[in-house]
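See below for run.tsv, which holds TSV, C-alpha atoms and all ligand atoms.
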```tsv
chain	number	residue	atom	x	y	z
W	1	MET	CA	150.85	-180.59	-88.40
W	2	GLY	CA	151.75	-178.97	-91.72
W	3	LEU	CA	149.57	-175.94	-91.41
W	4	ILE	CA	150.46	-173.54	-94.23
W	5	TYR	CA	148.94	-170.50	-92.63
W	6	ARG	CA	149.39	-170.12	-88.91
W	7	PRO	CA	148.19	-166.63	-88.03
W	8	ARG	CA	149.81	-166.90	-84.60
W	9	ARG	CA	153.27	-166.66	-86.24
W	10	LEU	CA	152.72	-162.95	-86.60
W	11	ARG	CA	151.41	-162.48	-83.07
W	12	LYS	CA	154.42	-163.86	-81.20
W	13	GLY	CA	155.55	-160.68	-79.52
W	14	GLU	CA	154.91	-156.97	-79.42
W	15	SER	CA	157.63	-156.17	-81.98
W	16	ILE	CA	156.22	-158.42	-84.67
W	17	ARG	CA	152.67	-157.34	-83.86
W	18	ARG	CA	153.76	-153.77	-84.44
W	19	LEU	CA	155.42	-154.74	-87.73
W	20	VAL	CA	152.21	-156.12	-89.21
W	21	ARG	CA	149.79	-153.67	-87.57
W	22	GLU	CA	147.44	-152.29	-90.23
W	23	THR	CA	146.14	-149.15	-88.57
W	24	SER	CA	147.87	-146.55	-86.48
W	25	LEU	CA	146.85	-143.79	-84.15
W	26	SER	CA	148.64	-140.53	-83.86
W	27	ALA	CA	148.03	-137.36	-81.90
W	28	ASP	CA	148.02	-135.61	-85.30
W	29	ASP	CA	144.65	-137.23	-85.94
W	30	PHE	CA	143.03	-135.89	-82.77
W	31	ILE	CA	140.79	-132.88	-82.44
W	32	LEU	CA	140.13	-131.83	-78.84
W	33	PRO	CA	136.72	-130.26	-78.08
W	34	LEU	CA	136.77	-127.32	-75.64
W	35	PHE	CA	133.94	-125.37	-73.99
W	36	VAL	CA	134.54	-121.67	-73.64
W	37	THR	CA	132.71	-119.29	-71.27
W	38	PRO	CA	132.86	-115.52	-70.85
W	39	GLY	CA	134.95	-113.96	-68.08
W	40	LYS	CA	138.38	-114.57	-66.61
W	41	GLY	CA	139.85	-117.30	-64.47
W	42	VAL	CA	136.87	-119.63	-64.98
W	43	LYS	CA	137.50	-123.38	-64.87
W	44	LYS	CA	134.33	-125.20	-63.93
W	45	PRO	CA	134.35	-129.02	-64.02
W	46	ILE	CA	131.74	-130.73	-66.19
W	47	LYS	CA	130.35	-133.43	-63.90
W	48	SER	CA	129.46	-136.01	-66.50
W	49	MET	CA	132.79	-135.59	-68.34
W	50	PRO	CA	135.71	-136.12	-65.96
W	51	GLY	CA	138.76	-134.06	-66.92
W	52	HIS	CA	136.71	-131.54	-68.93
W	53	TYR	CA	135.77	-128.02	-67.94
W	54	GLN	CA	133.91	-124.94	-69.00
W	55	MET	CA	136.76	-122.47	-69.28
W	56	SER	CA	137.24	-118.78	-69.94
W	57	ALA	CA	139.51	-117.83	-72.83
W	58	ASP	CA	142.55	-117.19	-70.58
W	59	ASN	CA	142.44	-120.69	-69.11
W	60	MET	CA	141.64	-122.16	-72.47
W	61	ARG	CA	144.87	-120.81	-73.85
W	62	LYS	CA	146.78	-122.94	-71.31
W	63	GLU	CA	144.71	-125.98	-72.18
W	64	ALA	CA	145.38	-125.39	-75.87
W	65	LYS	CA	149.12	-125.05	-75.24
W	66	GLU	CA	149.12	-128.34	-73.35
W	67	ALA	CA	147.31	-130.03	-76.24
W	68	LYS	CA	149.80	-128.64	-78.75
W	69	ASP	CA	152.73	-129.80	-76.63
W	70	LEU	CA	151.25	-133.31	-76.65
W	71	GLY	CA	151.27	-133.25	-80.45
W	72	ILE	CA	147.51	-132.77	-80.88
W	73	SER	CA	146.85	-130.98	-84.16
W	74	SER	CA	143.58	-129.19	-83.50
W	75	VAL	CA	140.95	-128.01	-81.08
W	76	ILE	CA	137.27	-127.39	-81.75
W	77	LEU	CA	135.58	-124.63	-79.77
W	78	PHE	CA	132.03	-124.56	-78.40
W	79	GLY	CA	130.72	-121.36	-76.85
W	80	ILE	CA	128.58	-120.84	-73.78
W	81	PRO	CA	127.40	-117.23	-74.11
W	82	GLU	CA	126.34	-114.85	-71.39
W	83	HIS	CA	123.11	-114.13	-73.11
W	84	LYS	CA	120.71	-116.35	-75.05
W	85	ASP	CA	117.71	-115.19	-77.06
W	86	GLU	CA	115.12	-116.59	-79.49
W	87	ALA	CA	117.26	-115.65	-82.49
W	88	GLY	CA	120.66	-116.74	-81.14
W	89	THR	CA	122.13	-113.30	-81.83
W	90	SER	CA	125.16	-113.72	-79.58
W	91	ALA	CA	126.40	-116.45	-81.95
W	92	TYR	CA	127.95	-113.73	-84.10
W	93	ASP	CA	129.01	-111.31	-81.36
W	94	PRO	CA	132.58	-110.29	-82.25
W	95	LYS	CA	133.30	-110.18	-78.51
W	96	GLY	CA	131.63	-113.52	-77.78
W	97	PRO	CA	133.48	-116.27	-75.91
W	98	VAL	CA	134.39	-118.27	-79.03
W	99	GLN	CA	135.57	-115.21	-80.95
W	100	THR	CA	137.67	-114.13	-77.96
W	101	ALA	CA	139.16	-117.58	-77.46
W	102	ILE	CA	140.09	-117.91	-81.15
W	103	ALA	CA	142.15	-114.73	-80.95
W	104	GLU	CA	143.81	-115.83	-77.68
W	105	ILE	CA	144.73	-119.26	-78.97
W	106	LYS	CA	145.85	-118.13	-82.42
W	107	SER	CA	148.20	-115.53	-80.96
W	108	ARG	CA	149.58	-117.62	-78.08
W	109	VAL	CA	149.67	-121.14	-79.49
W	110	PRO	CA	150.93	-120.86	-83.04
W	111	GLY	CA	150.51	-123.91	-85.23
W	112	LEU	CA	147.51	-125.29	-83.40
W	113	ILE	CA	144.51	-125.53	-85.76
W	114	VAL	CA	141.45	-123.79	-84.36
W	115	ILE	CA	138.15	-125.21	-85.60
W	116	THR	CA	134.85	-123.68	-84.52
W	117	ASP	CA	131.52	-125.41	-84.12
W	118	VAL	CA	128.92	-123.39	-86.01
W	119	CYS	CA	125.48	-123.95	-84.53
W	120	ALA	CA	122.68	-122.05	-82.85
W	121	CYS	CA	121.74	-124.39	-80.00
W	122	GLU	CA	124.20	-122.92	-77.52
W	123	TYR	CA	122.93	-119.41	-78.28
W	124	THR	CA	119.17	-119.81	-78.47
W	125	SER	CA	116.92	-119.55	-75.39
W	126	HIS	CA	114.94	-122.58	-76.62
W	127	GLY	CA	118.07	-124.70	-77.23
W	128	HIS	CA	117.24	-125.67	-80.81
W	129	CYS	CA	119.77	-125.45	-83.63
W	130	GLY	CA	118.02	-122.63	-85.47
W	131	ILE	CA	115.18	-120.12	-85.66
W	132	ILE	CA	111.80	-121.41	-84.47
W	133	LYS	CA	108.67	-120.87	-86.54
W	134	ASN	CA	105.42	-122.77	-85.93
W	135	ASN	CA	107.03	-124.89	-83.26
W	136	ASP	CA	109.78	-126.23	-85.51
W	137	VAL	CA	113.17	-125.05	-86.71
W	138	ASP	CA	112.73	-123.01	-89.88
W	139	ASN	CA	115.40	-124.16	-92.28
W	140	ASP	CA	115.88	-121.21	-94.56
W	141	ALA	CA	115.52	-118.57	-91.85
W	142	THR	CA	118.37	-120.31	-90.00
W	143	LEU	CA	120.83	-120.17	-92.89
W	144	GLU	CA	121.50	-116.48	-92.45
W	145	LEU	CA	122.23	-116.87	-88.75
W	146	LEU	CA	124.68	-119.70	-89.46
W	147	SER	CA	126.40	-117.74	-92.22
W	148	ARG	CA	126.84	-114.71	-89.95
W	149	GLU	CA	128.18	-116.93	-87.19
W	150	ALA	CA	130.67	-118.67	-89.50
W	151	LEU	CA	131.80	-115.33	-90.89
W	152	SER	CA	132.37	-113.92	-87.41
W	153	HIS	CA	134.50	-116.97	-86.54
W	154	ALA	CA	136.55	-116.50	-89.72
W	155	GLU	CA	136.98	-112.80	-88.96
W	156	ALA	CA	138.21	-113.69	-85.47
W	157	GLY	CA	140.85	-115.96	-87.04
W	158	ALA	CA	139.38	-119.47	-87.09
W	159	ASP	CA	141.23	-121.91	-89.35
W	160	ILE	CA	138.23	-124.15	-90.14
W	161	VAL	CA	134.49	-123.74	-89.55
W	162	ALA	CA	132.35	-126.75	-88.71
W	163	PRO	CA	128.56	-126.42	-89.09
W	164	SER	CA	126.76	-128.93	-86.84
W	165	ASP	CA	123.16	-127.76	-87.19
W	166	MET	CA	121.97	-130.15	-89.97
W	167	MET	CA	119.97	-127.53	-91.86
W	168	ASP	CA	119.62	-128.19	-95.59
W	169	GLY	CA	121.78	-125.93	-97.72
W	170	ARG	CA	123.94	-124.56	-94.90
W	171	VAL	CA	127.25	-125.56	-96.47
W	172	SER	CA	126.54	-123.63	-99.64
W	173	ALA	CA	125.18	-120.64	-97.68
W	174	ILE	CA	128.29	-120.55	-95.49
W	175	ARG	CA	130.64	-121.14	-98.45
W	176	SER	CA	129.26	-118.22	-100.41
W	177	THR	CA	129.25	-115.88	-97.39
W	178	LEU	CA	132.88	-116.75	-96.63
W	179	ASP	CA	133.87	-116.34	-100.28
W	180	ASP	CA	132.05	-113.01	-100.66
W	181	ASN	CA	134.00	-111.72	-97.70
W	182	GLY	CA	137.42	-112.80	-98.87
W	183	PHE	CA	137.66	-116.05	-96.89
W	184	THR	CA	137.97	-118.37	-99.88
W	185	GLY	CA	140.79	-120.26	-98.17
W	186	ILE	CA	138.89	-121.28	-95.03
W	187	PRO	CA	137.83	-124.94	-95.22
W	188	ILE	CA	134.43	-126.19	-94.12
W	189	MET	CA	134.27	-129.36	-92.05
W	190	SER	CA	130.61	-130.30	-92.23
W	191	TYR	CA	128.83	-132.47	-89.71
W	192	ALA	CA	127.40	-134.22	-92.77
W	193	ALA	CA	125.91	-137.39	-91.31
W	194	LYS	CA	124.85	-136.36	-87.84
W	195	TYR	CA	122.37	-138.64	-86.14
W	196	ALA	CA	119.70	-137.79	-83.56
W	197	SER	CA	121.54	-139.61	-80.79
W	198	ALA	CA	121.14	-140.35	-77.11
W	199	PHE	CA	124.93	-140.27	-76.87
W	200	TYR	CA	124.98	-136.45	-76.86
W	201	GLY	CA	123.59	-136.38	-73.31
W	202	PRO	CA	126.70	-135.27	-71.39
W	203	PHE	CA	127.56	-132.66	-74.05
W	204	ARG	CA	124.24	-130.93	-73.59
W	205	ASP	CA	125.11	-130.44	-69.91
W	206	ALA	CA	128.54	-129.18	-70.88
W	207	ALA	CA	127.27	-126.74	-73.50
W	208	GLU	CA	123.96	-125.98	-71.74
W	209	SER	CA	122.18	-126.66	-75.00
W	210	THR	CA	119.36	-129.09	-74.18
W	211	PRO	CA	116.25	-128.30	-76.26
W	212	GLN	CA	113.56	-126.77	-74.04
W	213	PHE	CA	110.78	-128.52	-75.99
W	214	GLY	CA	110.66	-131.41	-78.43
W	215	ASP	CA	113.84	-132.98	-79.76
W	216	ARG	CA	116.15	-132.72	-82.75
W	217	ARG	CA	114.61	-135.46	-84.88
W	218	THR	CA	113.23	-133.05	-87.49
W	219	TYR	CA	116.77	-132.09	-88.46
W	220	GLN	CA	119.22	-134.73	-87.24
W	221	MET	CA	119.24	-138.15	-88.93
W	222	ASP	CA	117.33	-141.29	-88.03
W	223	PRO	CA	119.79	-143.84	-86.56
W	224	ALA	CA	118.28	-146.55	-88.76
W	225	ASN	CA	119.50	-144.96	-92.01
W	226	SER	CA	122.71	-145.48	-93.93
W	227	ASP	CA	121.79	-144.75	-97.60
W	228	GLU	CA	120.58	-141.38	-96.37
W	229	ALA	CA	124.01	-140.71	-94.87
W	230	VAL	CA	125.49	-141.19	-98.34
W	231	ARG	CA	123.01	-138.66	-99.76
W	232	GLU	CA	123.74	-136.17	-96.96
W	233	VAL	CA	127.47	-136.43	-97.55
W	234	MET	CA	127.07	-136.17	-101.32
W	235	LEU	CA	125.02	-133.02	-100.87
W	236	ASP	CA	127.55	-131.41	-98.55
W	237	ILE	CA	130.42	-132.24	-100.89
W	238	THR	CA	128.47	-130.77	-103.80
W	239	GLU	CA	127.90	-127.63	-101.76
W	240	GLY	CA	131.59	-127.27	-101.01
W	241	ALA	CA	132.42	-129.23	-97.85
W	242	ASP	CA	136.15	-129.99	-97.60
W	243	ILE	CA	135.99	-132.51	-94.76
W	244	VAL	CA	132.90	-134.57	-93.98
W	245	MET	CA	131.99	-135.85	-90.56
W	246	VAL	CA	130.08	-138.82	-89.24
W	247	LYS	CA	128.69	-138.44	-85.74
W	248	PRO	CA	128.55	-140.28	-83.32
W	249	ALA	CA	131.41	-142.65	-84.11
W	250	LEU	CA	131.20	-146.04	-82.37
W	251	PRO	CA	127.54	-146.88	-83.07
W	252	TYR	CA	128.09	-145.78	-86.70
W	253	LEU	CA	131.37	-147.42	-87.73
W	254	ASP	CA	129.63	-148.94	-90.75
W	255	VAL	CA	128.63	-145.46	-91.90
W	256	ILE	CA	132.20	-144.20	-91.51
W	257	ARG	CA	133.45	-147.07	-93.67
W	258	ARG	CA	130.79	-146.47	-96.32
W	259	ILE	CA	131.49	-142.76	-96.55
W	260	LYS	CA	135.23	-143.29	-96.79
W	261	SER	CA	134.86	-145.91	-99.54
W	262	GLU	CA	132.28	-143.99	-101.57
W	263	PHE	CA	133.84	-140.53	-101.59
W	264	ASN	CA	137.56	-140.71	-100.83
W	265	TYR	CA	137.23	-137.40	-99.04
W	266	PRO	CA	138.83	-136.60	-95.71
W	267	VAL	CA	136.49	-138.14	-93.14
W	268	ALA	CA	136.21	-136.97	-89.55
W	269	ALA	CA	134.45	-139.02	-86.89
W	270	TYR	CA	133.08	-137.55	-83.67
W	271	ASN	CA	133.68	-139.83	-80.70
W	272	VAL	CA	130.93	-138.05	-78.77
W	273	SER	CA	130.43	-137.20	-75.13
W	274	GLY	CA	128.35	-140.29	-74.32
W	275	GLU	CA	130.98	-142.59	-75.82
W	276	PHE	CA	133.54	-140.91	-73.58
W	277	SER	CA	131.46	-140.85	-70.41
W	278	MET	CA	130.42	-144.50	-70.67
W	279	ILE	CA	134.02	-145.65	-70.62
W	280	LYS	CA	134.91	-143.20	-67.85
W	281	ALA	CA	132.00	-144.35	-65.70
W	282	ALA	CA	132.71	-148.03	-66.19
W	283	ALA	CA	136.42	-147.51	-65.49
W	284	GLU	CA	135.61	-145.57	-62.32
W	285	LYS	CA	133.59	-148.54	-61.10
W	286	GLY	CA	136.49	-150.85	-61.92
W	287	TRP	CA	134.39	-152.66	-64.52
W	288	LEU	CA	136.90	-152.27	-67.32
W	289	ASP	CA	140.38	-150.96	-68.01
W	290	GLY	CA	139.68	-147.38	-69.07
W	291	GLU	CA	142.92	-146.80	-70.94
W	292	ARG	CA	142.66	-149.97	-72.99
W	293	ALA	CA	139.00	-149.37	-73.78
W	294	MET	CA	139.89	-145.83	-74.89
W	295	MET	CA	142.68	-146.96	-77.21
W	296	GLU	CA	140.58	-149.80	-78.62
W	297	SER	CA	137.72	-147.38	-79.37
W	298	LEU	CA	139.99	-144.91	-81.10
W	299	ILE	CA	141.78	-147.50	-83.22
W	300	SER	CA	138.43	-148.99	-84.27
W	301	ILE	CA	137.29	-145.58	-85.50
W	302	ARG	CA	140.47	-145.23	-87.54
W	303	ARG	CA	140.15	-148.81	-88.83
W	304	ALA	CA	136.60	-148.03	-89.98
W	305	GLY	CA	138.07	-145.32	-92.19
W	306	ALA	CA	138.18	-142.05	-90.27
W	307	ASP	CA	141.16	-139.84	-91.04
W	308	MET	CA	140.67	-137.74	-87.94
W	309	ILE	CA	138.81	-138.11	-84.66
W	310	LEU	CA	137.13	-135.49	-82.54
W	311	THR	CA	137.53	-136.91	-79.07
W	312	TYR	CA	137.44	-135.93	-75.41
W	313	PHE	CA	140.16	-138.56	-74.96
W	314	ALA	CA	142.61	-136.55	-77.10
W	315	LYS	CA	145.00	-135.60	-74.28
W	316	GLU	CA	144.89	-138.93	-72.48
W	317	ALA	CA	145.32	-140.85	-75.70
W	318	ALA	CA	148.23	-138.64	-76.79
W	319	LYS	CA	149.89	-139.36	-73.43
W	320	ALA	CA	149.30	-143.09	-73.82
W	321	LEU	CA	150.86	-142.98	-77.31
W	322	GLN	CA	153.92	-141.20	-75.93
W	323	LYS	CA	154.24	-143.92	-73.30
W	324	GLN	CA	154.10	-146.62	-75.98
W	325	GLY	CA	156.90	-144.84	-77.86
L	1	LIG	C1	125.55	-128.84	-81.51
L	1	LIG	C2	126.39	-130.01	-81.20
L	1	LIG	C3	126.09	-131.14	-80.41
L	1	LIG	C4	127.26	-131.89	-80.34
L	1	LIG	C5	128.21	-131.23	-81.11
L	1	LIG	N1	127.64	-130.10	-81.65
L	1	LIG	C6	124.91	-131.49	-79.63
L	1	LIG	C7	123.61	-131.79	-80.24
L	1	LIG	O1	123.45	-131.85	-81.47
L	1	LIG	O2	122.69	-131.93	-79.46
L	1	LIG	C8	127.43	-133.17	-79.56
L	1	LIG	C9	128.81	-133.52	-79.18
L	1	LIG	C10	128.96	-134.56	-78.15
L	1	LIG	O3	128.02	-135.20	-77.65
L	1	LIG	O4	130.12	-134.78	-77.78
L	1	LIG	N2	124.51	-129.01	-82.39
```
Show this structure as structure tokens.
Amino acid sequence: MGLIYRPRRLRKGESIRRLVRETSLSADDFILPLFVTPGKGVKKPIKSMPGHYQMSADNMRKEAKEAKDLGISSVILFGIPEHKDEAGTSAYDPKGPVQTAIAEIKSRVPGLIVITDVCACEYTSHGHCGIIKNNDVDNDATLELLSREALSHAEAGADIVAPSDMMDGRVSAIRSTLDDNGFTGIPIMSYAAKYASAFYGPFRDAAESTPQFGDRRTYQMDPANSDEAVREVMLDITEGADIVMVKPALPYLDVIRRIKSEFNYPVAAYNVSGEFSMIKAAAEKGWLDGERAMMESLISIRRAGADMILTYFAKEAAKALQKQG
């Protein structure tokens, strides 16, 4: 049998498979999401997300140190405030949980990149990502809130701000507020193509941010659209986004690939809470090998074109990579 090309030649053993492997995973590419509460000594498990907790800033510092020691480059912080109101005013409280945690982490865990999620849904009593007028989120009224929130994160020492609200024009509003206040060097990672997804379910428990009426379909994208993702990303880049994100990741690998190919910008992908919890739940039942499913998911996101991955698996995956050597 004179077969010229026998693909199995390059699959003979682990060493040769590693030699020809096209995509790699590294803890450098991981961004670990963390949920910060007010107070001290708080570490409350999030039921739907095994291994994740709502934590006060003091405990978060330890978590951040552990992540850094595992080689993880960055964390992204989500705040659960003491007080919520219609206008989400605690989003820019200089003593808020996120602002406090930034300072803690920056002073105690040097070198770890601290990204902050900029959004209103954790801070509003109605759980929507902005100011409500006539039963819907008012786009332009929300921009000021987001700009104040991003500025307060920068003032507290954040390295990167990441708006996740999906209002039109937020990147340019935030960029000019940061610039006017001397923060020209703080990058914006925009949640540029963020879909209205069922896979955010567990996160909304974790961040206590479920909308109290309606849903997010008037601002987040329709899962059926891909051309629109290109327009969204183009807009954010035009407005000054430095890193663009696609979210969720696994159901949108085609979108990740398209965005990477069209723009050649740094692309982040958010391997969201539902993608994490599904694997955890199935593994708990013994229906699949959780570690292998985790690594396969993460490599597929990188193969699709993501440069970095926001993932609740960050610590476990970093440990698995260390084991592989
Ligand atoms: C806030 C925000 C959400 C997520 C990140 N930022 C929730 C939402 O839009 O409802 C979801 C993250 C996840 O599911 O892991 N707007």
Check which residues of segment 224-317 of chain W sit at most 12 Å from segment 69-89 of chain W using only C-alpha atoms, and return one row each with the closest pair of atoms and their distance in Å to one decimal, ordered by chain and rising number, as a tab-separated table.
```
residue	atom	partner	partner_atom	distance
W:Tyr270	CA	W:Ile76	CA	11.2
W:Met308	CA	W:Ser73	CA	9.9
W:Ile309	CA	W:Ser74	CA	10.2
W:Leu310	CA	W:Ile76	CA	8.1
W:Thr311	CA	W:Val75	CA	9.7
W:Tyr312	CA	W:Val75	CA	10.4
W:Phe313	CA	W:Ile72	CA	11.1
W:Ala314	CA	W:Ile72	CA	7.3
W:Lys315	CA	W:Leu70	CA	7.1
W:Glu316	CA	W:Leu70	CA	9.5
W:Ala317	CA	W:Leu70	CA	9.6
```
Ligand LIG 1 (chain L) neighbours within 7 Å using all atoms listed in the file, as a list in words: Asp117, Cys119, Cys121, Cys129, Ser164, Asp165, Phe199, Tyr200, Gly201, Pro202, Phe203, Arg204, Ser209, Thr210, Asn271, Val272, Ser273 and Gly274 of chain W
Can you pull out every residue within 10 Å of Thr218 of chain W, counting all atoms listed in the file, but drop anything in the same chain fewer than 6 positions away, and send it as a VMD selection string? chain W and resid 136 to 137 166 to 167 196
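The nearest approach to Gly305 of chain W among the residues W:Ala120, W:Leu321, W:Leu253, W:Met1, with only C-alpha atoms taken into account, belongs to W:Leu253.
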Can you list, as a PDB file with C-alpha atoms, in the frame of the given file, every protein, DNA or RNA residue that comes within 12 Å of Lys68 of chain W when you count only C-alpha atoms, leaving out same-chain residues fewer than 4 positions away?
```pdb
ATOM      1  CA  ALA W  27     148.030-137.360 -81.900  1.00  0.00           C
ATOM      2  CA  ASP W  28     148.020-135.610 -85.300  1.00  0.00           C
ATOM      3  CA  PHE W  30     143.030-135.890 -82.770  1.00  0.00           C
ATOM      4  CA  ILE W  31     140.790-132.880 -82.440  1.00  0.00           C
ATOM      5  CA  LEU W  32     140.130-131.830 -78.840  1.00  0.00           C
ATOM      6  CA  ARG W  61     144.870-120.810 -73.850  1.00  0.00           C
ATOM      7  CA  LYS W  62     146.780-122.940 -71.310  1.00  0.00           C
ATOM      8  CA  GLU W  63     144.710-125.980 -72.180  1.00  0.00           C
ATOM      9  CA  ALA W  64     145.380-125.390 -75.870  1.00  0.00           C
ATOM     10  CA  ILE W  72     147.510-132.770 -80.880  1.00  0.00           C
ATOM     11  CA  SER W  73     146.850-130.980 -84.160  1.00  0.00           C
ATOM     12  CA  SER W  74     143.580-129.190 -83.500  1.00  0.00           C
ATOM     13  CA  VAL W  75     140.950-128.010 -81.080  1.00  0.00           C
ATOM     14  CA  ILE W 105     144.730-119.260 -78.970  1.00  0.00           C
ATOM     15  CA  LYS W 106     145.850-118.130 -82.420  1.00  0.00           C
ATOM     16  CA  ARG W 108     149.580-117.620 -78.080  1.00  0.00           C
ATOM     17  CA  VAL W 109     149.670-121.140 -79.490  1.00  0.00           C
ATOM     18  CA  PRO W 110     150.930-120.860 -83.040  1.00  0.00           C
ATOM     19  CA  GLY W 111     150.510-123.910 -85.230  1.00  0.00           C
ATOM     20  CA  LEU W 112     147.510-125.290 -83.400  1.00  0.00           C
ATOM     21  CA  ILE W 113     144.510-125.530 -85.760  1.00  0.00           C
ATOM     22  CA  VAL W 114     141.450-123.790 -84.360  1.00  0.00           C
ATOM     23  CA  ALA W 314     142.610-136.550 -77.100  1.00  0.00           C
ATOM     24  CA  LYS W 315     145.000-135.600 -74.280  1.00  0.00           C
ATOM     25  CA  ALA W 318     148.230-138.640 -76.790  1.00  0.00           C
ATOM     26  CA  LYS W 319     149.890-139.360 -73.430  1.00  0.00           C
TER      27      LYS W 319
END
```
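Distance-wise, atom CA of Phe183 of chain W and atom CA of Leu34 of chain W end up 24.1 Å apart.
One finds atom CA of Arg231 of chain W at 9.4 Å from atom CA of Ala192 of chain W.
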Centre and edges of the segment 286-292 of chain W box, axis-aligned, 4 Å extra per side, as JSON:
```
{"center_x": 138.7, "center_y": -149.7, "center_z": -67.5, "size_x": 16.5, "size_y": 13.9, "size_z": 19.1}
```
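Residue nearest Thr100 of chain W, chosen from W:Glu155, W:Asp227, W:Asp138, W:Glu66 and counting all atoms listed in the file: W:Glu155.
Atom CA of Leu25 of chain W is found 22.7 Å from atom CA of Pro50 of chain W.
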What lies within 12 Å of Arg8 of chain W using only C-alpha atoms, ignoring chain neighbours under 5 positions off, as number ranges by chain? W: 3, 13, 16-17, 20
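Minimum atom-to-atom distance to Lys65 of chain W, evaluated using all atoms listed in the file, belongs to W:Glu104 out of W:Glu104, W:Val255, W:Gly290, W:Tyr53.
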Counting only C-alpha atoms, which residues come within 12 Å of (132.2, -130.3, -67.3), with the point read in the file's coordinates, and could you list them as a ChimeraX atom specification? /W:33-37,42-55,202-208,273,277,312
